[in-house]
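File shown: model-v4.tsv (TSV, C-alpha atoms).
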```tsv
chain	number	residue	atom	x	y	z
A	224	MET	CA	-6.07	-9.03	-36.32
A	225	GLU	CA	-9.59	-8.08	-37.38
A	226	GLN	CA	-11.13	-11.23	-35.93
A	227	LEU	CA	-9.06	-10.89	-32.76
A	228	LEU	CA	-10.30	-7.31	-32.27
A	229	LYS	CA	-13.88	-8.61	-32.64
A	230	ASP	CA	-13.20	-11.35	-30.07
A	231	LEU	CA	-11.61	-8.87	-27.68
A	232	THR	CA	-14.57	-6.54	-28.15
A	233	VAL	CA	-16.85	-9.34	-26.95
A	234	VAL	CA	-14.70	-9.80	-23.83
A	235	PHE	CA	-14.63	-6.06	-23.10
A	236	ARG	CA	-18.40	-5.71	-23.61
A	237	ASP	CA	-19.05	-8.65	-21.33
A	238	VAL	CA	-16.65	-7.63	-18.50
A	239	LEU	CA	-17.46	-3.91	-18.60
A	240	ASP	CA	-21.15	-4.50	-19.28
A	241	ASP	CA	-21.15	-1.98	-22.12
A	242	ASP	CA	-22.46	-3.03	-25.55
A	243	SER	CA	-21.40	0.22	-27.18
A	244	ILE	CA	-17.70	-0.76	-27.05
A	245	VAL	CA	-16.04	-1.33	-30.43
A	246	LEU	CA	-12.29	-1.92	-30.12
A	247	LYS	CA	-9.77	-0.68	-32.65
A	248	GLU	CA	-6.00	-1.05	-32.47
A	249	GLU	CA	-5.66	2.58	-31.41
A	250	THR	CA	-8.33	2.44	-28.69
A	251	THR	CA	-6.98	3.46	-25.27
A	252	ALA	CA	-8.35	3.37	-21.73
A	253	ALA	CA	-9.04	7.09	-22.05
A	254	GLU	CA	-11.86	6.30	-24.51
A	255	ILE	CA	-13.53	3.59	-22.44
A	256	GLU	CA	-14.85	5.01	-19.22
A	257	ASP	CA	-14.90	1.86	-17.11
A	258	TRP	CA	-11.52	0.50	-18.21
A	259	ASP	CA	-9.41	1.29	-15.15
A	260	SER	CA	-6.94	-0.54	-12.92
A	261	LEU	CA	-9.73	-2.51	-11.21
A	262	THR	CA	-11.48	-3.71	-14.37
A	263	HIS	CA	-8.14	-4.22	-16.12
A	264	ILE	CA	-7.50	-7.18	-13.79
A	265	MET	CA	-10.87	-8.68	-14.76
A	266	LEU	CA	-10.21	-8.08	-18.46
A	267	ILE	CA	-6.72	-9.60	-18.36
A	268	SER	CA	-7.95	-12.55	-16.35
A	269	GLU	CA	-10.79	-13.20	-18.83
A	270	ILE	CA	-8.53	-12.80	-21.88
A	271	GLU	CA	-6.00	-15.23	-20.38
A	272	LYS	CA	-8.77	-17.74	-19.75
A	273	GLN	CA	-10.42	-17.45	-23.17
A	274	PHE	CA	-7.24	-17.38	-25.25
A	275	LYS	CA	-5.37	-19.86	-23.00
A	276	ILE	CA	-2.35	-17.60	-22.62
A	277	LYS	CA	-0.43	-15.95	-19.76
A	278	PHE	CA	0.81	-12.37	-19.79
A	279	THR	CA	3.92	-11.31	-17.90
A	280	SER	CA	3.65	-8.68	-15.13
A	281	SER	CA	5.33	-5.98	-17.19
A	282	GLU	CA	3.03	-6.69	-20.15
A	283	ILE	CA	-0.08	-6.50	-17.99
A	284	THR	CA	0.69	-3.01	-16.73
A	285	GLY	CA	2.43	-1.79	-19.88
A	286	PHE	CA	-0.27	-1.98	-22.58
A	287	LYS	CA	-0.82	1.52	-23.92
A	288	ASN	CA	-3.62	0.64	-26.32
A	289	VAL	CA	-5.69	-2.28	-27.59
A	290	GLY	CA	-3.24	-2.84	-30.46
A	291	GLU	CA	-0.41	-3.64	-28.03
A	292	LEU	CA	-2.71	-5.96	-26.09
A	293	ALA	CA	-3.86	-7.69	-29.30
A	294	ASN	CA	-0.31	-8.06	-30.63
A	295	SER	CA	0.72	-9.65	-27.36
A	296	VAL	CA	-2.17	-12.13	-27.62
A	297	LEU	CA	-1.21	-12.93	-31.23
A	298	SER	CA	2.46	-13.48	-30.44
A	299	LYS	CA	1.58	-15.82	-27.56
A	300	GLN	CA	-0.89	-17.76	-29.68
A	301	ASN	CA	1.76	-18.23	-32.36
A	302	SER	CA	4.56	-19.23	-30.01
B	261	MET	CA	-2.75	20.88	-7.82
B	262	PRO	CA	0.77	20.96	-6.35
B	263	GLU	CA	3.44	20.87	-9.04
B	264	ILE	CA	5.20	17.79	-7.68
B	265	LEU	CA	1.98	15.77	-7.43
B	266	GLU	CA	0.97	16.70	-10.97
B	267	TYR	CA	4.45	15.82	-12.21
B	268	ILE	CA	4.30	12.38	-10.54
B	269	VAL	CA	0.82	11.54	-11.84
B	270	ASN	CA	1.78	12.65	-15.37
B	271	LYS	CA	4.92	10.47	-15.28
B	272	ILE	CA	2.84	7.49	-14.11
B	273	SER	CA	0.30	8.23	-16.83
B	274	GLU	CA	2.96	8.18	-19.56
B	275	ALA	CA	4.03	4.68	-18.52
B	276	ASN	CA	0.77	3.22	-17.33
B	277	PRO	CA	-2.29	5.20	-18.41
B	278	ILE	CA	-4.73	2.64	-17.01
B	279	SER	CA	-3.34	2.92	-13.51
B	280	ALA	CA	-3.08	6.70	-13.76
B	281	LYS	CA	-6.75	6.94	-14.66
B	282	LYS	CA	-7.73	5.96	-11.11
B	283	LEU	CA	-5.09	8.29	-9.63
B	284	LYS	CA	-6.44	11.22	-11.62
B	285	ARG	CA	-9.99	10.38	-10.58
B	286	ASN	CA	-8.80	10.22	-6.96
B	287	TYR	CA	-6.88	13.42	-6.81
B	288	SER	CA	-9.70	15.45	-8.28
B	289	LYS	CA	-11.43	14.72	-4.93
B	290	PHE	CA	-8.48	15.52	-2.63
B	291	SER	CA	-9.11	18.22	-0.03
B	292	ASP	CA	-6.91	21.32	0.16
B	293	GLN	CA	-5.35	19.92	3.33
B	294	HIS	CA	-4.57	16.63	1.57
B	295	LEU	CA	-2.94	18.48	-1.32
B	296	THR	CA	-0.90	20.68	1.02
B	297	GLU	CA	0.31	17.71	3.08
B	298	ALA	CA	1.09	15.71	-0.05
B	299	GLU	CA	3.15	18.57	-1.43
B	300	GLU	CA	5.06	18.97	1.84
B	301	PHE	CA	5.82	15.23	2.15
B	302	LEU	CA	6.74	14.69	-1.51
B	303	ASN	CA	9.00	17.76	-1.63
B	304	LEU	CA	10.77	16.59	1.51
B	305	TYR	CA	11.04	13.11	0.03
B	306	SER	CA	12.44	14.55	-3.16
B	307	VAL	CA	15.17	16.29	-1.15
B	308	TYR	CA	15.95	12.98	0.55
B	309	LEU	CA	16.16	11.24	-2.85
B	310	ASN	CA	18.60	13.89	-4.08
B	311	SER	CA	20.73	13.30	-0.99
B	312	ILE	CA	21.14	9.65	-2.03
B	313	SER	CA	21.79	10.62	-5.68
B	314	ARG	CA	18.29	9.68	-6.84
B	315	ASN	CA	15.37	11.79	-7.99
B	316	ILE	CA	11.61	11.73	-8.15
B	317	ASP	CA	11.68	10.04	-11.60
B	318	TYR	CA	13.49	7.14	-9.96
B	319	ALA	CA	10.77	6.93	-7.30
B	320	VAL	CA	8.07	6.92	-10.01
B	321	ASP	CA	9.84	3.99	-11.73
B	322	CYS	CA	9.86	2.23	-8.37
B	323	TYR	CA	6.14	2.92	-7.98
B	324	LEU	CA	5.45	1.41	-11.40
B	325	LYS	CA	7.43	-1.73	-10.58
B	326	MET	CA	5.67	-2.05	-7.24
B	327	THR	CA	2.20	-1.67	-8.79
B	328	SER	CA	3.14	-4.19	-11.45
B	329	ASP	CA	4.00	-6.68	-8.66
B	330	MET	CA	0.74	-5.84	-6.92
B	331	PHE	CA	-1.18	-6.52	-10.10
B	332	THR	CA	0.39	-9.95	-10.48
B	333	GLU	CA	-0.13	-10.78	-6.82
B	334	ARG	CA	-3.75	-9.70	-7.07
B	335	MET	CA	-4.39	-11.93	-10.08
B	336	LYS	CA	-2.91	-14.90	-8.22
B	337	PHE	CA	-4.93	-14.02	-5.11
B	338	LEU	CA	-8.21	-13.87	-7.04
B	339	GLU	CA	-7.42	-17.27	-8.52
B	340	THR	CA	-6.33	-19.02	-5.31
B	341	GLY	CA	-7.86	-17.00	-2.48
B	342	GLU	CA	-4.47	-17.01	-0.74
B	343	TYR	CA	-1.38	-14.82	-0.51
B	344	SER	CA	1.46	-16.25	-2.58
B	345	ASN	CA	3.82	-16.40	0.42
B	346	LYS	CA	2.91	-18.20	3.61
B	347	PHE	CA	6.27	-18.37	5.33
B	348	TYR	CA	8.61	-15.66	6.52
B	349	LYS	CA	11.66	-17.53	5.27
B	350	ASP	CA	10.32	-17.43	1.68
B	351	VAL	CA	9.73	-13.67	1.80
B	352	ASP	CA	13.11	-13.22	3.46
B	353	GLU	CA	14.83	-15.17	0.68
B	354	LYS	CA	12.91	-13.65	-2.23
B	355	ILE	CA	12.36	-10.08	-1.05
B	356	TYR	CA	14.15	-8.97	2.11
B	357	SER	CA	17.49	-10.42	0.97
B	358	ASN	CA	17.14	-8.82	-2.45
B	359	PRO	CA	18.29	-5.17	-2.19
B	360	GLU	CA	16.96	-4.28	-5.67
B	361	ILE	CA	13.42	-5.43	-4.90
B	362	MET	CA	13.51	-3.92	-1.40
B	363	ASP	CA	14.64	-0.62	-2.85
B	364	TYR	CA	11.90	-0.25	-5.44
B	365	HIS	CA	9.25	-1.61	-3.10
B	366	MET	CA	10.18	0.93	-0.41
B	367	HIS	CA	10.37	3.95	-2.73
B	368	GLY	CA	7.21	2.85	-4.53
B	369	LEU	CA	5.31	2.80	-1.25
B	370	ALA	CA	6.55	6.28	-0.41
B	371	ILE	CA	4.93	7.65	-3.56
B	372	ALA	CA	1.70	5.84	-2.67
B	373	GLN	CA	1.42	7.43	0.79
B	374	PHE	CA	-0.43	10.47	-0.48
B	375	LEU	CA	-1.64	9.23	-3.87
B	376	TRP	CA	-3.87	6.54	-2.44
B	377	PRO	CA	-6.87	7.93	-0.53
B	378	ASP	CA	-7.04	4.88	1.76
B	379	GLN	CA	-3.51	5.59	3.00
B	380	TYR	CA	-4.29	9.24	3.59
B	381	ILE	CA	-7.58	8.57	5.40
B	382	ARG	CA	-5.74	6.35	7.90
B	383	PHE	CA	-3.01	8.95	8.32
B	384	ARG	CA	-5.62	11.60	9.12
B	385	PHE	CA	-7.38	9.21	11.50
B	386	PHE	CA	-4.07	8.94	13.38
B	387	SER	CA	-3.35	12.65	13.30
B	388	ASP	CA	-6.86	13.78	14.24
B	389	ASN	CA	-7.08	11.45	17.25
B	390	LEU	CA	-3.57	11.03	18.66
B	391	LEU	CA	-3.89	13.81	21.24
B	392	LYS	CA	-6.89	12.08	22.82
B	393	TYR	CA	-4.42	9.48	24.06
B	394	SER	CA	-2.04	11.90	25.74
B	395	PRO	CA	-0.17	12.38	27.98
B	396	VAL	CA	2.47	10.44	26.06
B	397	ASN	CA	5.85	10.62	27.74
B	398	SER	CA	7.33	7.75	25.75
B	399	TYR	CA	6.43	6.94	22.14
B	400	LEU	CA	7.60	3.94	20.11
B	401	GLU	CA	7.00	3.12	16.47
B	402	ILE	CA	7.68	-0.44	15.34
B	403	GLY	CA	8.64	-0.43	11.65
B	404	GLY	CA	8.94	3.26	10.87
B	405	GLY	CA	8.31	3.09	7.12
B	406	HIS	CA	9.05	6.46	5.59
B	407	GLY	CA	8.81	8.39	8.83
B	408	LEU	CA	5.40	9.82	8.09
B	409	TYR	CA	3.78	8.79	11.36
B	410	VAL	CA	6.67	9.54	13.72
B	411	ARG	CA	7.07	12.89	12.02
B	412	GLU	CA	3.44	13.69	12.73
B	413	ALA	CA	3.72	12.44	16.32
B	414	VAL	CA	6.76	14.68	16.89
B	415	LYS	CA	4.74	17.62	15.57
B	416	LEU	CA	1.69	16.89	17.72
B	417	LEU	CA	3.00	15.64	21.05
B	418	GLU	CA	4.72	17.49	23.85
B	419	SER	CA	8.34	18.41	23.26
B	420	LYS	CA	9.35	16.47	26.37
B	421	THR	CA	8.16	13.16	24.87
B	422	ASP	CA	10.87	10.57	24.23
B	423	PHE	CA	10.47	9.14	20.76
B	424	ALA	CA	11.92	5.88	19.43
B	425	VAL	CA	11.64	3.98	16.18
B	426	ILE	CA	12.69	0.35	16.05
B	427	ASP	CA	13.20	-1.43	12.75
B	428	ILE	CA	15.11	-4.42	11.38
B	429	SER	CA	16.13	-2.46	8.27
B	430	GLN	CA	18.90	0.14	8.36
B	431	SER	CA	17.77	1.63	5.04
B	432	SER	CA	14.26	2.10	6.40
B	433	LEU	CA	15.70	3.79	9.51
B	434	ASN	CA	17.76	6.08	7.27
B	435	ILE	CA	14.67	7.24	5.35
B	436	CYS	CA	12.74	7.55	8.58
B	437	GLU	CA	15.46	9.67	10.18
B	438	ASN	CA	15.68	11.98	7.19
B	439	MET	CA	11.93	12.38	6.84
B	440	SER	CA	10.96	12.67	10.49
B	441	GLU	CA	13.06	15.75	11.23
B	442	GLY	CA	12.87	14.72	14.86
B	443	GLU	CA	15.99	15.59	16.76
B	444	ASN	CA	14.80	13.78	19.86
B	445	VAL	CA	13.97	10.51	18.09
B	446	ASN	CA	16.03	7.47	19.00
B	447	PHE	CA	16.46	5.14	15.99
B	448	ILE	CA	17.06	1.55	17.02
B	449	LEU	CA	18.24	-1.12	14.59
B	450	LYS	CA	16.79	-4.21	16.19
B	451	ASP	CA	14.14	-6.90	15.92
B	452	ILE	CA	11.38	-5.94	18.36
B	453	PHE	CA	11.54	-9.45	19.81
B	454	GLU	CA	15.13	-8.67	20.83
B	455	TYR	CA	13.99	-5.58	22.75
B	456	HIS	CA	14.37	-6.49	26.40
B	457	GLU	CA	14.80	-3.07	28.02
B	458	GLU	CA	12.88	-2.35	31.17
B	459	ALA	CA	11.53	0.92	29.78
B	460	LYS	CA	7.93	0.65	28.65
B	461	PHE	CA	5.97	2.98	26.42
B	462	ASP	CA	2.87	5.12	26.77
B	463	PHE	CA	2.08	4.90	23.08
B	464	ILE	CA	3.08	2.39	20.39
B	465	THR	CA	2.43	2.81	16.67
B	466	ILE	CA	2.60	-0.22	14.43
B	467	GLY	CA	1.48	0.40	10.86
B	468	GLU	CA	1.37	-2.27	8.15
B	469	VAL	CA	3.57	-4.75	10.01
B	470	ILE	CA	1.53	-7.65	11.37
B	471	GLU	CA	0.48	-8.88	7.91
B	472	HIS	CA	4.18	-9.51	7.21
B	473	LEU	CA	4.34	-12.17	9.93
B	474	GLU	CA	3.37	-15.81	10.21
B	475	ASP	CA	2.20	-15.29	13.78
B	476	PRO	CA	0.92	-11.75	14.37
B	477	LEU	CA	-0.43	-12.73	17.81
B	478	LYS	CA	3.14	-13.23	19.05
B	479	LEU	CA	3.97	-9.64	18.13
B	480	LEU	CA	0.75	-8.30	19.65
B	481	ASN	CA	1.64	-10.11	22.89
B	482	LYS	CA	5.08	-8.51	22.79
B	483	ILE	CA	3.50	-5.07	22.26
B	484	HIS	CA	1.19	-5.74	25.20
B	485	SER	CA	4.21	-6.54	27.37
B	486	ILE	CA	6.08	-3.30	26.57
B	487	LEU	CA	3.06	-1.00	26.83
B	488	ASN	CA	2.53	0.89	30.08
B	489	THR	CA	-0.69	0.32	31.99
B	490	GLY	CA	-3.12	2.86	30.57
B	491	GLY	CA	-1.02	3.13	27.41
B	492	SER	CA	-2.40	3.06	23.87
B	493	VAL	CA	-1.58	1.55	20.51
B	494	TYR	CA	-2.26	2.74	16.98
B	495	LEU	CA	-2.30	-0.23	14.60
B	496	THR	CA	-3.01	-0.59	10.89
B	497	THR	CA	-3.25	-3.71	8.77
B	498	PRO	CA	-5.12	-4.64	5.59
B	499	VAL	CA	-7.75	-7.21	4.62
B	500	ASN	CA	-7.45	-9.01	1.25
B	501	ALA	CA	-4.34	-7.08	0.21
B	502	PRO	CA	-1.94	-9.32	-1.70
B	503	MET	CA	1.59	-7.93	-1.89
B	504	ILE	CA	4.91	-9.65	-2.55
B	505	ASP	CA	5.80	-9.48	1.15
B	506	HIS	CA	2.42	-10.12	2.81
B	507	ILE	CA	2.06	-13.43	4.60
B	508	TYR	CA	-0.85	-13.30	7.05
B	509	LEU	CA	-4.20	-13.02	5.31
B	510	PHE	CA	-7.08	-11.35	7.11
B	511	ASN	CA	-10.25	-12.24	5.18
B	512	ASN	CA	-12.35	-9.61	6.93
B	513	VAL	CA	-12.22	-7.00	9.69
B	514	ASP	CA	-13.79	-9.38	12.23
B	515	GLU	CA	-10.70	-11.58	12.01
B	516	ILE	CA	-8.52	-8.58	12.93
B	517	LYS	CA	-10.80	-7.68	15.83
B	518	GLU	CA	-10.75	-11.26	17.13
B	519	LEU	CA	-6.96	-11.22	17.09
B	520	MET	CA	-6.88	-7.97	19.07
B	521	MET	CA	-9.17	-9.54	21.67
B	522	LYS	CA	-6.95	-12.63	21.85
B	523	ALA	CA	-4.00	-10.36	22.58
B	524	ASN	CA	-5.99	-8.72	25.42
B	525	PHE	CA	-6.53	-5.42	23.67
B	526	LYS	CA	-9.80	-3.56	23.36
B	527	ILE	CA	-10.52	-1.42	20.32
B	528	ILE	CA	-11.29	2.15	21.33
B	529	GLU	CA	-12.04	3.46	17.83
B	530	ASP	CA	-11.36	2.26	14.32
B	531	VAL	CA	-11.75	3.01	10.63
B	532	ALA	CA	-11.83	0.79	7.53
B	533	VAL	CA	-11.48	2.06	3.96
B	534	TYR	CA	-11.71	0.13	0.70
B	535	SER	CA	-8.93	0.84	-1.76
B	536	GLU	CA	-11.49	1.22	-4.55
B	537	ASP	CA	-14.43	3.58	-4.58
B	538	LEU	CA	-17.12	0.92	-4.94
B	539	PRO	CA	-20.40	0.05	-3.20
B	540	GLU	CA	-19.66	-2.36	-0.32
B	541	GLU	CA	-21.36	-5.38	-1.91
B	542	LEU	CA	-19.20	-5.03	-5.03
B	543	ALA	CA	-16.07	-4.44	-2.94
B	544	ILE	CA	-16.76	-7.67	-1.04
B	545	LYS	CA	-17.59	-9.56	-4.24
B	546	HIS	CA	-14.31	-8.53	-5.88
B	547	LYS	CA	-12.27	-8.94	-2.68
B	548	ILE	CA	-11.11	-5.34	-2.85
B	549	PRO	CA	-8.39	-4.58	-0.28
B	550	LEU	CA	-9.85	-3.07	2.87
B	551	MET	CA	-7.43	-0.92	4.85
B	552	TYR	CA	-8.02	-1.01	8.60
B	553	ALA	CA	-6.74	1.21	11.42
B	554	CYS	CA	-7.53	1.29	15.14
B	555	PHE	CA	-6.55	2.73	18.50
B	556	LEU	CA	-6.19	0.08	21.19
B	557	LYS	CA	-5.86	-0.09	24.94
B	558	LYS	CA	-5.11	-2.99	27.24
B	559	VAL	CA	-8.23	-4.86	28.40
```

Can the structure from this file be put into structure tokens for me?
Amino acid sequence: MEQLLKDLTVVFRDVLDDDSIVLKEETTAAEIEDWDSLTHIMLISEIEKQFKIKFTSSEITGFKNVGELANSVLSKQNS
Amino acid sequence: MPEILEYIVNKISEANPISAKKLKRNYSKFSDQHLTEAEEFLNLYSVYLNSISRNIDYAVDCYLKMTSDMFTERMKFLETGEYSNKFYKDVDEKIYSNPEIMDYHMHGLAIAQFLWPDQYIRFRFFSDNLLKYSPVNSYLEIGGGHGLYVREAVKLLESKTDFAVIDISQSSLNICENMSEGENVNFILKDIFEYHEEAKFDFITIGEVIEHLEDPLKLLNKIHSILNTGGSVYLTTPVNAPMIDHIYLFNNVDEIKELMMKANFKIIEDVAVYSEDLPEELAIKHKIPLMYACFLKKV
């Protein structure tokens, strides 16, 4: 999980153009100013590309924090 | 902040905080008039939902499902540059013939009417300018949606105006009838292409319909044929707006304008609003949906 959070942090920093971002499992959109419905599409798209996975529609709009997003990535990588 | 609006946004936020973030940012900028009209519409809609044994929580669930579909469609669109459906028969099979999807899509859109600034700006554009196109003795809306526009037209136009709404969906007509509160509105369950009456109209409203068709020009020609000389049309349609039931892709506003010219209409005035509050170059770069509305007259 620790490495995955670091990898996701790189994606978030790159897409949102904000080097101050450090993701933790409990991080939510409320704490990252530019993480909204518009940038969420870019983030999801980039994560799918980099981790070679596909999220379902309900997953994409249902993540409540970074931990849920990361767990979803992990479960898809392991399946 | 009206209680019902706050309740809806909080419910959305509980389920989808990322999406709610934009809604909260939006509604902090709503004018008093916007808030008042939103409250009036949503309270009326809530009464309608109760009359069909539903409630506003149900409508919020519908909104969440609809936005989830939109998200998926948008991701596909950004990948392919196309809408996922190109043929009416596919949408008919997958969406229109599926009551569950139709239901949540319809109720989801109702919630969006006042939550999304682009929808409201076009509604105000209609309301603020409609009287310029009077006298209107006969008014037709093709595809009445949730009755928002016909309701406003009934409020604004002369009481002697004959109003009609034509739609292929009985459930849409039911909502429209309940929401419009217009006693002198004639609700017609029919495909507009099957409308062969001699009576023509002074004003025709057609909002968010032509993008659902393979050949929008055919419908514009039909509208031209049932519009009185000197009559006017209010039309809305989006650019780059992938939805589960959108077929005809307009890549920019010029393509819409060209189509209006082909159908022998001239644009009297228009408005275009991006669905995201971004500088234009970024909106174009990210293919942000651009919501277009115009008043037309015959050339």

Inset, instruction - Find the residue from A:Leu292, A:Ile264, A:Leu239, A:Leu297 that sits nearest to chain B; use only C-alpha atoms when measuring. - result: A:Ile264

Legend entry - Surrounding residues of Lys282 in chain B excluding itself and chain neighbours under 2 positions, 9 Å, only C-alpha atoms, as a list of chain:residue names: A:Asp259, A:Ser260, A:Leu261, B:Ile278, B:Ser279, B:Ala280, B:Lys284, B:Arg285, B:Asn286, B:Tyr287, B:Glu536

Inset, instruction - Pick out the residues sitting within 10 Å of Asp230 in chain A, and hand them over as an MDAnalysis selection string; count only C-alpha atoms, and ignore anything fewer than 4 positions along from it in its own chain. - result: chainID A and resid 224:226 234:235 246 270 273:274

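Using only C-alpha atoms, the part of chain B that sits within 10 Å of chain A is made up of Ser273, Glu274, Ala275, Asn276, Pro277, Ile278, Ser279, Ala280, Lys281, Lys282, Leu283, Leu324, Lys325, Thr327, Ser328, Asp329, Met330, Phe331, Thr332, Glu333, Arg334, Met335, Lys336, Leu338, Glu339, Glu536, His546 and Ile548 of chain B.
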
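Counting from CA of Val513 in chain B, the distance to CA of Asn481 in chain B is 19.4 Å.
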
Each side padded by 8 Å, which centre and which edge lengths in Å (one decimal) define the axis-aligned box around the listed atoms of range 308-312 of chain B? Give them as lines of an AutoDock Vina configuration file.
```
center_x = 18.5
center_y = 11.8
center_z = -1.8
size_x = 21.2
size_y = 20.2
size_z = 20.6
```

Legend entry - Nearby residues, (7.5, 14.2, -2.6) file frame, 12 Å, all atoms listed in the file, as number ranges by chain: B: 262-269, 295-310, 315-320, 367-375, 406, 408, 439

Inset, instruction - Go through B:Gln430, B:Thr497, B:Ser398, B:Thr340 and flag the residue nearest Leu473 in chain B, using all atoms listed in the file for the distances. - result: B:Thr497

Inset, instruction - Please indicate the distance in Å from CA of Glu269 in chain A to CA of Pro377 in chain B, rounded to one decimal place. - result: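 Separation of CA of Glu269 in chain A and CA of Pro377 in chain B: 28.2 Å.
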
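Between CA of Ile426 in chain B and CA of Gly405 in chain B lies a distance of 10.3 Å.
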
Legend entry - Pick from B:Val533, B:Cys322, B:Ile361, B:Ile312 nearest to Lys271 in chain B, counting only C-alpha atoms: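 Distance minimum relative to Lys271 in chain B lands on B:Cys322.
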
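Among B:His506, B:Arg314, B:Arg382, B:His456, the residue with the shortest atom-to-atom distance to Tyr494 in chain B, counting all atoms listed in the file, is B:Arg382.
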
Legend entry - Sel. within 12 Å of pt (2.3, -10.4, 23.2), counting only C-alpha atoms, output as a list in words: Ile452, Phe453, Asp475, Pro476, Leu477, Lys478, Leu479, Leu480, Asn481, Lys482, Ile483, His484, Ser485, Ile486, Leu487, Leu519, Met520, Met521, Lys522, Ala523, Asn524, Phe525 and Lys558 of chain B

Legend entry - 8 Å contact set for Asp422 in chain B, all atoms listed in the file, chain neighbours under 2 positions out, as a PyMOL selection string: chain B and resi 397-399+420+424+444-446

Inset, instruction - Find the spatial neighbours of Ala293 in chain A, counting all atoms listed in the file, within a cut-off of 9 Å - ignore same-chain residues fewer than 6 positions away - and output them as number ranges by chain. - result: A: 224, 227-228, 231, 248

Fill-in result for range 247-260 of chain A, N, CA and C atoms as an mmCIF file, keeping the file's coordinate frame:
```
data_model
loop_
_atom_site.group_PDB
_atom_site.id
_atom_site.type_symbol
_atom_site.label_atom_id
_atom_site.label_comp_id
_atom_site.auth_asym_id
_atom_site.auth_seq_id
_atom_site.Cartn_x
_atom_site.Cartn_y
_atom_site.Cartn_z
ATOM 1 N N LYS A 247 -10.668 -0.819 -31.487
ATOM 2 C CA LYS A 247 -9.770 -0.680 -32.650
ATOM 3 C C LYS A 247 -8.363 -0.777 -32.081
ATOM 4 N N GLU A 248 -7.375 -0.929 -32.959
ATOM 5 C CA GLU A 248 -6.000 -1.050 -32.470
ATOM 6 C C GLU A 248 -5.597 0.184 -31.658
ATOM 7 N N GLU A 249 -6.090 1.350 -32.078
ATOM 8 C CA GLU A 249 -5.660 2.580 -31.410
ATOM 9 C C GLU A 249 -6.506 2.949 -30.199
ATOM 10 N N THR A 250 -7.499 2.125 -29.855
ATOM 11 C CA THR A 250 -8.330 2.440 -28.690
ATOM 12 C C THR A 250 -7.496 2.401 -27.404
ATOM 13 N N THR A 251 -7.677 3.419 -26.566
ATOM 14 C CA THR A 251 -6.980 3.460 -25.270
ATOM 15 C C THR A 251 -8.006 3.489 -24.140
ATOM 16 N N ALA A 252 -7.475 3.345 -22.906
ATOM 17 C CA ALA A 252 -8.350 3.370 -21.730
ATOM 18 C C ALA A 252 -9.062 4.720 -21.600
ATOM 19 N N ALA A 253 -8.445 5.750 -22.153
ATOM 20 C CA ALA A 253 -9.040 7.090 -22.050
ATOM 21 C C ALA A 253 -10.410 7.135 -22.741
ATOM 22 N N GLU A 254 -10.597 6.262 -23.743
ATOM 23 C CA GLU A 254 -11.860 6.300 -24.510
ATOM 24 C C GLU A 254 -12.937 5.388 -23.928
ATOM 25 N N ILE A 255 -12.541 4.510 -23.017
ATOM 26 C CA ILE A 255 -13.530 3.590 -22.440
ATOM 27 C C ILE A 255 -13.621 3.875 -20.943
ATOM 28 N N GLU A 256 -14.741 4.456 -20.563
ATOM 29 C CA GLU A 256 -14.850 5.010 -19.220
ATOM 30 C C GLU A 256 -14.525 4.008 -18.103
ATOM 31 N N ASP A 257 -15.060 2.802 -18.230
ATOM 32 C CA ASP A 257 -14.900 1.860 -17.110
ATOM 33 C C ASP A 257 -13.633 1.013 -17.169
ATOM 34 N N TRP A 258 -12.773 1.275 -18.120
ATOM 35 C CA TRP A 258 -11.520 0.500 -18.210
ATOM 36 C C TRP A 258 -10.475 1.201 -17.322
ATOM 37 N N ASP A 259 -10.377 0.710 -16.082
ATOM 38 C CA ASP A 259 -9.410 1.290 -15.150
ATOM 39 C C ASP A 259 -8.604 0.160 -14.511
ATOM 40 N N SER A 260 -7.824 0.481 -13.484
ATOM 41 C CA SER A 260 -6.940 -0.540 -12.920
ATOM 42 C C SER A 260 -7.720 -1.715 -12.316
#
```
